Each structure stands twice: as C-alpha cells, then as structure tokens.
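Q: Sharing input_24.cif, mmCIF, C-alpha atoms:
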data_work
loop_
_atom_site.label_atom_id
_atom_site.label_comp_id
_atom_site.auth_asym_id
_atom_site.auth_seq_id
_atom_site.Cartn_x
_atom_site.Cartn_y
_atom_site.Cartn_z
CA MET A 816 29.00 40.72 -5.74
CA ALA A 817 27.42 37.78 -3.93
CA GLN A 818 24.47 36.15 -5.70
CA ARG A 819 21.18 36.06 -3.81
CA LYS A 820 19.99 32.50 -3.04
CA PRO A 821 16.60 31.71 -4.61
CA SER A 822 13.86 31.28 -2.03
CA PRO A 823 12.57 27.71 -1.58
CA LEU A 824 9.25 26.58 -3.01
CA ILE A 825 7.63 26.04 0.41
CA SER A 826 8.82 28.24 3.23
CA SER A 827 6.19 27.28 5.81
CA VAL A 828 7.26 24.39 8.05
CA ASN A 829 3.64 23.44 8.77
CA ALA A 830 2.79 23.34 5.07
CA LEU A 831 5.72 20.99 4.49
CA ARG A 832 4.62 18.80 7.42
CA GLY A 833 1.12 18.72 5.95
CA LEU A 834 2.49 17.75 2.54
CA ALA A 835 4.52 14.85 3.99
CA ALA A 836 1.61 13.62 6.12
CA GLY A 837 -0.71 14.04 3.12
CA ILE A 838 1.50 11.91 0.85
CA THR A 839 1.67 9.16 3.49
CA MET A 840 -2.07 9.21 4.24
CA LEU A 841 -2.92 9.36 0.53
CA SER A 842 -0.87 6.20 -0.05
CA LEU A 843 -2.64 4.57 2.91
CA ALA A 844 -6.10 5.51 1.63
CA GLY A 845 -5.25 4.69 -1.98
CA MET A 846 -3.90 1.27 -1.12
CA THR A 847 -6.92 0.56 1.13
CA VAL A 848 -9.28 1.28 -1.76
CA TYR A 849 -7.15 -0.68 -4.23
CA ALA A 850 -6.68 -3.71 -1.94
CA GLY A 851 -10.43 -3.68 -1.21
CA GLY A 852 -11.13 -4.08 -4.92
CA HIS A 853 -8.34 -6.59 -5.56
CA LEU A 854 -8.36 -8.96 -2.59
CA ARG A 855 -6.37 -11.65 -4.36
CA ASN A 856 -3.36 -11.19 -6.56
CA ASP A 857 -2.21 -14.35 -8.30
CA ALA A 858 0.93 -12.57 -9.51
CA ALA A 859 1.98 -11.77 -5.92
CA PRO A 860 5.52 -12.94 -5.16
CA LEU A 861 4.45 -14.71 -1.96
CA GLN A 862 1.55 -17.11 -1.56
CA PRO A 863 1.08 -18.33 2.04
CA ALA A 864 1.11 -22.13 2.45
CA ALA A 865 -2.58 -22.49 3.38
CA ALA A 866 -3.82 -20.29 0.55
CA ALA A 867 -1.52 -21.94 -2.00
CA ALA A 868 -2.67 -25.43 -1.00
CA ALA A 869 -6.33 -24.41 -1.22
CA ALA A 870 -5.77 -22.87 -4.64
CA THR A 871 -4.04 -25.94 -6.09
CA THR A 872 -6.70 -28.39 -4.80
CA ALA A 873 -9.85 -28.77 -6.89
CA PRO A 874 -12.70 -26.55 -5.72
CA ALA A 875 -15.54 -28.13 -3.76
CA ALA A 876 -18.00 -29.75 -6.11
CA ALA A 877 -21.50 -30.68 -5.00
CA THR A 878 -23.49 -33.43 -6.74
CA THR A 879 -27.05 -34.44 -5.98
CA THR A 880 -28.29 -38.02 -6.42
CA THR A 881 -31.40 -39.88 -5.35
CA SER A 882 -30.79 -43.16 -3.49
CA SER A 883 -32.82 -46.38 -3.84
CA THR A 884 -34.74 -45.42 -0.66
CA GLY A 885 -35.95 -42.28 -2.36
CA ARG A 886 -33.93 -39.98 -0.07
CA LEU A 887 -32.00 -37.12 -1.57
CA GLN A 888 -28.23 -37.53 -1.18
CA LEU A 889 -25.90 -34.57 -1.38
CA SER A 890 -22.22 -35.33 -2.02
CA ARG A 891 -19.46 -32.75 -1.85
CA THR A 892 -15.68 -32.61 -1.67
CA VAL A 893 -14.29 -30.93 1.44
CA THR A 894 -10.94 -29.30 0.83
CA THR A 895 -8.34 -29.35 3.58
CA THR A 896 -4.83 -27.99 3.51
CA THR A 897 -3.32 -31.48 3.12
CA ARG A 898 -5.76 -33.64 1.14
CA ALA A 899 -9.30 -33.74 -0.16
CA ARG A 900 -11.88 -36.04 1.44
CA SER A 901 -15.38 -36.70 0.32
CA VAL A 902 -18.40 -36.32 2.60
CA THR A 903 -21.87 -37.72 1.90
CA THR A 904 -24.89 -36.52 3.82
CA THR A 905 -28.41 -37.89 3.52
CA HIS A 906 -31.16 -35.35 3.40
CA HIS A 907 -34.01 -36.46 5.72
CA SER A 908 -37.21 -34.99 4.39
CA MET B 963 -13.36 -9.63 8.98
CA THR B 964 -10.45 -11.64 7.50
CA ASP B 965 -10.68 -9.54 4.33
CA LEU B 966 -10.49 -6.32 6.36
CA ILE B 967 -7.40 -7.55 8.22
CA TRP B 968 -5.76 -8.45 4.90
CA ILE B 969 -6.58 -5.03 3.43
CA VAL B 970 -5.16 -3.27 6.51
CA ALA B 971 -1.98 -5.39 6.32
CA ARG B 972 -1.40 -4.43 2.68
CA SER B 973 -2.25 -0.74 2.92
CA THR B 974 -0.28 -0.09 6.11
CA GLY B 975 2.72 -1.95 4.67
CA THR B 976 2.81 0.27 1.59
CA ALA B 977 2.17 3.45 3.59
CA ALA B 978 4.95 2.50 6.04
CA ILE B 979 7.40 2.21 3.13
CA VAL B 980 6.25 5.61 1.81
CA ALA B 981 6.83 7.18 5.26
CA LEU B 982 10.25 5.50 5.45
CA VAL B 983 11.21 6.80 1.99
CA LEU B 984 10.24 10.36 3.00
CA SER B 985 12.16 9.98 6.26
CA VAL B 986 15.36 8.68 4.62
CA LEU B 987 15.14 11.21 1.79
CA SER B 988 14.66 14.20 4.11
CA GLY B 989 17.36 12.88 6.47
CA MET B 990 19.92 12.66 3.66
CA ALA B 991 18.88 16.06 2.27
CA LEU B 992 19.60 17.74 5.63
CA ARG B 993 23.38 17.88 5.12
CA SER B 994 23.59 17.76 1.32
CA GLY B 995 21.04 20.49 0.60
CA ALA B 996 19.44 18.28 -2.05
CA LEU B 997 15.97 19.59 -1.17
CA ALA B 998 17.05 23.24 -0.89
CA TRP B 999 14.79 24.06 -3.85
CA LEU B 1000 11.79 22.74 -1.88
CA SER B 1001 12.37 24.16 1.57
CA HIS B 1002 14.97 25.45 4.01
CA ASN B 1003 16.73 23.08 6.43
CA ARG B 1004 14.26 23.72 9.27
CA GLY B 1005 11.39 22.50 7.08
CA VAL B 1006 13.32 19.44 5.86
CA ARG B 1007 14.17 18.56 9.47
CA ALA B 1008 10.49 18.89 10.43
CA VAL B 1009 9.56 16.44 7.64
CA HIS B 1010 12.32 14.04 8.80
CA ASP B 1011 11.07 14.12 12.41
CA LEU B 1012 7.40 13.78 11.44
CA THR B 1013 7.79 10.90 8.97
CA SER B 1014 10.05 8.97 11.37
CA VAL B 1015 7.24 9.11 13.94
CA LEU B 1016 4.52 8.48 11.31
CA TRP B 1017 6.26 5.29 10.24
CA LEU B 1018 5.96 3.64 13.66
CA PRO B 1019 2.14 3.23 13.99
CA LEU B 1020 1.91 2.14 10.34
CA ALA B 1021 4.56 -0.55 10.84
CA ILE B 1022 2.92 -1.70 14.11
CA ALA B 1023 -0.50 -1.91 12.38
CA HIS B 1024 1.10 -3.84 9.47
CA VAL B 1025 2.66 -6.39 11.85
CA ILE B 1026 -0.46 -6.78 14.04
CA ALA B 1027 -2.67 -7.27 10.96
CA LEU B 1028 -0.33 -9.96 9.60
CA MET B 1029 -0.29 -11.69 13.00
CA LEU B 1030 -4.11 -11.71 13.04
CA ASP B 1031 -4.40 -12.85 9.43
CA PRO B 1032 -5.06 -16.63 9.33
CA TYR B 1033 -3.39 -17.07 5.92
CA ALA B 1034 -0.20 -15.11 6.55
CA LYS B 1035 0.56 -17.25 9.62
CA ILE B 1036 3.02 -14.78 11.17
CA GLY B 1037 3.68 -15.53 14.83
CA PHE B 1038 5.09 -13.49 17.69
CA ALA B 1039 8.38 -15.42 17.42
CA ASP B 1040 8.77 -14.14 13.84
CA LEU B 1041 8.97 -10.60 15.23
CA LEU B 1042 11.97 -11.55 17.34
CA VAL B 1043 13.78 -14.08 15.17
CA PRO B 1044 13.95 -13.44 11.40
CA PHE B 1045 13.72 -16.16 8.69
CA LEU B 1046 11.51 -18.50 10.77
CA VAL B 1047 8.35 -18.32 8.62
CA SER B 1048 7.56 -21.52 6.71
CA TYR B 1049 7.15 -19.73 3.35
CA GLY B 1050 9.11 -16.82 1.87
CA SER B 1051 11.34 -16.85 4.92
CA PHE B 1052 13.99 -14.61 3.31
CA ALA B 1053 11.52 -11.95 2.10
CA ILE B 1054 9.62 -11.84 5.40
CA GLY B 1055 12.84 -12.07 7.43
CA LEU B 1056 14.07 -8.89 5.72
CA GLY B 1057 10.96 -7.16 7.03
CA THR B 1058 11.70 -8.39 10.56
CA ILE B 1059 15.30 -7.12 10.33
CA SER B 1060 14.26 -3.70 9.02
CA LEU B 1061 11.61 -3.36 11.75
CA GLN B 1062 14.09 -4.23 14.49
CA LEU B 1063 16.78 -1.89 13.11
CA ILE B 1064 14.42 1.08 12.77
CA VAL B 1065 13.09 0.54 16.29
CA VAL B 1066 16.71 0.62 17.53
CA VAL B 1067 17.34 3.83 15.53
CA LEU B 1068 14.17 5.45 16.94
CA ILE B 1069 15.08 4.50 20.53
CA SER B 1070 18.61 5.87 20.03
CA THR B 1071 17.09 9.15 18.79
CA TRP B 1072 14.93 9.45 21.92
CA LEU B 1073 18.00 8.70 24.09
CA ARG B 1074 20.28 10.98 22.06
CA SER B 1075 21.14 13.22 24.99
CA SER B 1076 22.62 10.30 26.92
CA LEU B 1077 24.69 9.03 23.95
CA THR B 1078 27.91 10.39 22.49
CA HIS B 1079 27.57 12.00 19.05
CA GLN B 1080 29.69 9.28 17.45
CA GLY B 1081 27.68 6.53 19.13
CA TRP B 1082 24.37 8.07 18.07
CA LEU B 1083 25.64 8.57 14.49
CA ALA B 1084 26.81 4.94 14.26
CA ILE B 1085 23.37 3.70 15.33
CA HIS B 1086 21.58 6.25 13.12
CA ARG B 1087 23.47 5.01 10.06
CA LEU B 1088 21.82 1.61 10.58
CA SER B 1089 18.72 3.24 9.08
CA TYR B 1090 20.34 2.91 5.61
CA VAL B 1091 20.61 -0.87 6.12
CA ALA B 1092 17.06 -0.91 7.46
CA PHE B 1093 15.78 1.01 4.46
CA VAL B 1094 17.45 -1.37 1.98
CA ALA B 1095 16.00 -4.35 3.91
CA ALA B 1096 12.51 -2.76 3.98
CA PHE B 1097 12.68 -1.95 0.26
CA ALA B 1098 13.73 -5.51 -0.61
CA HIS B 1099 11.02 -6.84 1.74
CA GLY B 1100 8.42 -4.77 -0.12
CA LEU B 1101 9.62 -5.97 -3.54
CA LEU B 1102 9.97 -9.64 -2.59
CA ALA B 1103 6.95 -10.04 -0.31
CA GLY B 1104 4.57 -7.19 -1.17
CA THR B 1105 1.35 -8.44 -2.75
CA ASP B 1106 0.85 -5.13 -4.54
CA PHE B 1107 4.43 -4.75 -5.69
CA ALA B 1108 3.53 -7.16 -8.50
CA GLN B 1109 1.62 -4.24 -10.06
CA PRO B 1110 3.71 -2.52 -12.79
CA VAL B 1111 2.74 1.00 -11.66
CA LEU B 1112 3.84 0.39 -8.07
CA VAL B 1113 7.05 -1.35 -9.15
CA ALA B 1114 7.88 1.58 -11.43
CA LEU B 1115 7.20 4.07 -8.60
CA ALA B 1116 9.33 2.02 -6.20
CA TRP B 1117 12.31 1.92 -8.55
CA LEU B 1118 11.93 5.62 -9.38
CA THR B 1119 12.01 6.42 -5.65
CA ALA B 1120 15.04 4.16 -5.15
CA THR B 1121 16.85 5.98 -7.98
CA VAL B 1122 16.09 9.39 -6.41
CA ILE B 1123 17.41 8.13 -3.05
CA VAL B 1124 20.64 6.85 -4.67
CA ILE B 1125 21.13 10.24 -6.38
CA VAL B 1126 20.58 12.13 -3.09
CA ALA B 1127 22.91 9.69 -1.29
CA PHE B 1128 25.58 10.35 -3.93
CA ARG B 1129 25.12 14.12 -3.54
CA ARG B 1130 25.44 13.76 0.23
CA LEU B 1131 28.66 11.75 -0.12
CA THR B 1132 30.23 14.26 -2.51
CA ALA B 1133 29.14 17.17 -0.27
CA ALA B 1134 30.73 15.49 2.75
CA ARG B 1135 33.97 14.87 0.83
CA GLY B 1136 33.99 18.49 -0.31
CA ARG B 1137 33.64 19.70 3.28
CA GLN B 1138 36.46 17.36 4.42
CA SER B 1139 38.90 18.53 1.73
CA GLU B 1140 37.98 22.17 2.47
CA ALA B 1141 38.71 21.65 6.17
CA ARG B 1142 42.01 19.93 5.31
CA SER B 1143 43.14 22.79 3.03
CA LYS B 1144 42.31 25.34 5.78
CA THR B 1145 44.41 23.34 8.27
CA VAL B 1146 47.37 23.29 5.86
CA ALA B 1147 47.09 27.04 5.20
CA ILE B 1148 47.63 27.90 8.89
CA PRO B 1149 51.39 28.65 9.35
#
Any chance you could give the structure as structure tokens?
A:
Amino acid sequence: MAQRKPSPLISSVNALRGLAAGITMLSLAGMTVYAGGHLRNDAAPLQPAAAAAAATTAPAAATTTTSSTGRLQLSRTVTTTTRARSVTTTHHS
Amino acid sequence: MTDLIWIVARSTGTAAIVALVLSVLSGMALRSGALAWLSHNRGVRAVHDLTSVLWLPLAIAHVIALMLDPYAKIGFADLLVPFLVSYGSFAIGLGTISLQLIVVVLISTWLRSSLTHQGWLAIHRLSYVAFVAAFAHGLLAGTDFAQPVLVALAWLTATVIVIVAFRRLTAARGRQSEARSKTVAIP
C-alpha cells in the first residue's frame, strides 16, 4: 500500500510569498535601525582611504591665546586627507 | 544626509544578500525537493521568482548609495570594470562581478523563450558563481559582517545552502541512474 505524503507546512502560495518578502524587508528594516545606531564600525574589514586617513591623523585641536595687541587669537589644526596644516585666525572684536 | 546614504548602502546590501540567499535556496529546492516539508513546488517556485525580482531594486539602491557616498568613493567605472577601486579592490570587485552575473542571469530569464533550454541552463548556472562572489563580497567588504551574530548567521546560511546543493546533486544522479537502468531494461 502506497504511503500518503505528508502535507507541507504552508500550502498557500501567497502566504509563502509574504513570508519571503517579510524576511527580506525585516532584514532591510533591522539593518537600517542597527546601522543608524552604529554609524562607524572600527572592526569593519574595509576602511575607505579618506576615512582611514582622517582617523589616523590627530583630531583638530583648538587653542586660544591672547596676542601682545590684546586681540584674541584662535589656533586650530585643519585635517586634510594628506597632511595636517595649522591655521591661525585673529578675532577682531 | 551623508549618514543617511551610508545607512541605506549598508541596509540594502545586507537585504540584497538575504534576497539572494532565498532565491538560490528556493531555486535549488525546486528539483531536489529539499523544501517539500515547507511547501509544494508551486509555492517554492513563487518564492524563487519573487526573491529574484526583489533582489534587483535592493542591489541597485546599494550601488547608487555607495556611488553617492563621499567616503566609499565608488565610481561609475567600478560598475563596469571590477577591481579598480583604490582600497579593498578584491572585496569590492567581487561585488561588481556578482552584480554583473546576476543581471545577465535575470536578462536570460526574461529572454528564456528565445533561448534554447541548454543555453538558458548554462547561463542560469552562473548564479551559483554569482552567489559565491556576493557571499565573499559581503564577508570581505561588509561593514556589519564584522558583527559576530551576523557572521554566525551568514555561515549558518552558507551551510544550509551547501547541504541543499548536495541533496540536489544526489537527486540528479539518482534520476540519471534510474533513466539509464530503464534504457537497459528495454529489449
């Protein structure tokens, strides 16, 4: 006597379509939320050239001094992708 | 705005791989019956058709977002010629190759009626190569694939796909030997 085949878990084609689309959209939404909360990942296998150069260069530091003329001088380091250069601006007040 | 582009690039990349996994898995299960417990062949085919189409807008959004992202520095030429990017050229080049191969497979599916079955099958089998390239691209270039949970999920999925591929191969060999024995039995 031939054995009866067990019926599958989901027999509706539309339900199966919905499940597949749901899994894909859930991964899209989940990753959007996760990436929104973790913009940078230092353990990422790839670090684009511009971002890597900016990360290795010292962050911009601002120092305030008062010159002999009594004007306030603001010094800061401007970071570029190739080298760091210093910029001094005099505050006219 | 740059942050939003970066988020879109990452989320669409992961979702595109998920859609591709579902597409490859359901495609392999069609002949082997590996998903017979889940649904009948008509349902599995519907999932295969849907996820193949779902993959396309996700991959396009992933590429456009990376082209707009000022840090990723992906140019239009990188879409046409793989391994040109100044950093991670191998990892990103694998993504270019997988994208091009899957686009070829999709076009061949739309033109199936004007191709021979053997010709269509030969092109369709390129999707295995494309999947391996996309998987490696995700592991080697994916920012979020450094997360242990995602890496574990990725390898679990890869293992399931290898098992289904093995089942499909053994099922095909079984059918071939059955056909051969029937041919011999005819006097």
Q: Can you build me a table of chain A residues sitting at most 7 Å from chain B, with the closest atom pair per residue and its distance in Å to one decimal, using all atoms listed in the file, sorted by chain and residue number, as JSON lines?
A:
{"residue": "A:Pro823", "atom": "CA", "partner": "B:Ser1001", "partner_atom": "CA", "distance": 4.8}
{"residue": "A:Leu824", "atom": "CA", "partner": "B:Leu1000", "partner_atom": "CA", "distance": 4.7}
{"residue": "A:Ile825", "atom": "CA", "partner": "B:Ser1001", "partner_atom": "CA", "distance": 5.2}
{"residue": "A:Ser826", "atom": "CA", "partner": "B:Ser1001", "partner_atom": "CA", "distance": 5.7}
{"residue": "A:Val828", "atom": "CA", "partner": "B:Gly1005", "partner_atom": "CA", "distance": 4.6}
{"residue": "A:Leu831", "atom": "CA", "partner": "B:Gly1005", "partner_atom": "CA", "distance": 6.4}
{"residue": "A:Arg832", "atom": "CA", "partner": "B:Val1009", "partner_atom": "CA", "distance": 5.5}
{"residue": "A:Ala835", "atom": "CA", "partner": "B:Val1009", "partner_atom": "CA", "distance": 6.4}
{"residue": "A:Thr839", "atom": "CA", "partner": "B:Ala977", "partner_atom": "CA", "distance": 5.7}
{"residue": "A:Ser842", "atom": "CA", "partner": "B:Ala977", "partner_atom": "CA", "distance": 5.5}
{"residue": "A:Leu843", "atom": "CA", "partner": "B:Ala977", "partner_atom": "CA", "distance": 5.0}
{"residue": "A:Met846", "atom": "CA", "partner": "B:Ser973", "partner_atom": "CA", "distance": 4.8}
{"residue": "A:Thr847", "atom": "CA", "partner": "B:Ser973", "partner_atom": "CA", "distance": 5.2}
{"residue": "A:Ala850", "atom": "CA", "partner": "B:Ile969", "partner_atom": "CA", "distance": 5.5}
{"residue": "A:Gly851", "atom": "CA", "partner": "B:Ile969", "partner_atom": "CA", "distance": 6.2}
{"residue": "A:Asn856", "atom": "CA", "partner": "B:Thr1105", "partner_atom": "CA", "distance": 6.7}
{"residue": "A:Ala858", "atom": "CA", "partner": "B:Ala1108", "partner_atom": "CA", "distance": 6.1}
{"residue": "A:Ala859", "atom": "CA", "partner": "B:Thr1105", "partner_atom": "CA", "distance": 4.6}
{"residue": "A:Pro860", "atom": "CA", "partner": "B:Ala1103", "partner_atom": "CA", "distance": 5.8}
{"residue": "A:Leu861", "atom": "CA", "partner": "B:Ala1103", "partner_atom": "CA", "distance": 5.5}
{"residue": "A:Pro863", "atom": "CA", "partner": "B:Ala1034", "partner_atom": "CA", "distance": 5.7}
{"residue": "A:Ala864", "atom": "CA", "partner": "B:Tyr1049", "partner_atom": "CA", "distance": 6.6}
{"residue": "A:Ala865", "atom": "CA", "partner": "B:Tyr1033", "partner_atom": "CA", "distance": 6.0}
{"residue": "A:Ala866", "atom": "CA", "partner": "B:Tyr1033", "partner_atom": "CA", "distance": 6.3}
Q: Can you work out the spacing between atom CA of His1079 of chain B and atom CA of Ile1064 of chain B in Å, to one decimal?
A: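 Pair atom CA of His1079 of chain B / atom CA of Ile1064 of chain B returns 18.2 Å.
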Q: Kindly provide, as JSON, the centre and edge lengths (Å, one decimal) of an axis-aligned box around all atoms of segment 1052-1060 of chain B given in the file, with 6 Å on each side.
A:
{"center_x": 12.5, "center_y": -9.2, "center_z": 6.3, "size_x": 17.7, "size_y": 22.9, "size_z": 20.5}
Q: Of the candidates B:Ile1059, B:Leu1112, B:Thr1078, B:Ser1014, which shows the shortest atom-to-atom distance to Ser988 of chain B, using only C-alpha atoms?
A: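 The shortest atom-to-atom distance to Ser988 of chain B comes from B:Ser1014.
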Q: Mind giving me the straight-line distance from atom CA of Glu1140 of chain B to atom CA of His1086 of chain B in Å, one decimal?
A: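 Atom CA of Glu1140 of chain B sits 25.2 Å away from atom CA of His1086 of chain B.
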Q: Filtering to N, CA and C atoms, could segment 1106-1127 of chain B of the supplied structure be written out as a compact mmCIF listing (two decimals), in the first residue's frame?
A:
# COMPACT_ATOMS: atom_id res chain seq x y z
N ASP B 1106 28.98 45.45 8.43
CA ASP B 1106 28.27 44.79 9.53
C ASP B 1106 28.60 43.31 9.65
N PHE B 1107 29.34 42.79 8.69
CA PHE B 1107 29.71 41.38 8.78
C PHE B 1107 30.87 41.17 9.75
N ALA B 1108 31.30 42.27 10.41
CA ALA B 1108 32.29 42.13 11.49
C ALA B 1108 31.58 41.78 12.80
N GLN B 1109 30.23 41.89 12.80
CA GLN B 1109 29.46 41.55 14.00
C GLN B 1109 29.32 40.04 14.11
N PRO B 1110 29.64 39.47 15.29
CA PRO B 1110 29.61 38.00 15.45
C PRO B 1110 28.26 37.38 15.10
N VAL B 1111 27.16 38.05 15.46
CA VAL B 1111 25.83 37.47 15.21
C VAL B 1111 25.59 37.33 13.71
N LEU B 1112 25.93 38.39 12.96
CA LEU B 1112 25.73 38.36 11.51
C LEU B 1112 26.65 37.35 10.83
N VAL B 1113 27.89 37.26 11.31
CA VAL B 1113 28.83 36.29 10.73
C VAL B 1113 28.32 34.88 10.96
N ALA B 1114 27.83 34.63 12.19
CA ALA B 1114 27.30 33.30 12.51
C ALA B 1114 26.10 32.97 11.62
N LEU B 1115 25.20 33.95 11.44
CA LEU B 1115 24.02 33.74 10.57
C LEU B 1115 24.45 33.47 9.13
N ALA B 1116 25.46 34.21 8.68
CA ALA B 1116 25.93 34.06 7.30
C ALA B 1116 26.50 32.66 7.07
N TRP B 1117 27.30 32.18 8.02
CA TRP B 1117 27.90 30.86 7.85
C TRP B 1117 26.86 29.74 8.01
N LEU B 1118 25.87 29.98 8.87
CA LEU B 1118 24.79 29.00 9.03
C LEU B 1118 24.02 28.87 7.71
N THR B 1119 23.73 30.03 7.10
CA THR B 1119 23.01 30.04 5.82
C THR B 1119 23.83 29.34 4.74
N ALA B 1120 25.14 29.63 4.72
CA ALA B 1120 26.02 29.01 3.72
C ALA B 1120 26.02 27.49 3.89
N THR B 1121 26.01 27.02 5.15
CA THR B 1121 26.00 25.58 5.41
C THR B 1121 24.70 24.95 4.89
N VAL B 1122 23.57 25.63 5.15
CA VAL B 1122 22.27 25.12 4.67
C VAL B 1122 22.29 25.02 3.14
N ILE B 1123 22.84 26.05 2.49
CA ILE B 1123 22.89 26.06 1.02
C ILE B 1123 23.76 24.91 0.50
N VAL B 1124 24.88 24.65 1.17
CA VAL B 1124 25.76 23.54 0.74
C VAL B 1124 25.01 22.21 0.89
N ILE B 1125 24.27 22.05 2.00
CA ILE B 1125 23.52 20.81 2.22
C ILE B 1125 22.46 20.63 1.13
N VAL B 1126 21.73 21.71 0.82
CA VAL B 1126 20.68 21.62 -0.22
C VAL B 1126 21.31 21.34 -1.58
N ALA B 1127 22.48 21.98 -1.84
CA ALA B 1127 23.18 21.74 -3.11
C ALA B 1127 23.59 20.27 -3.22
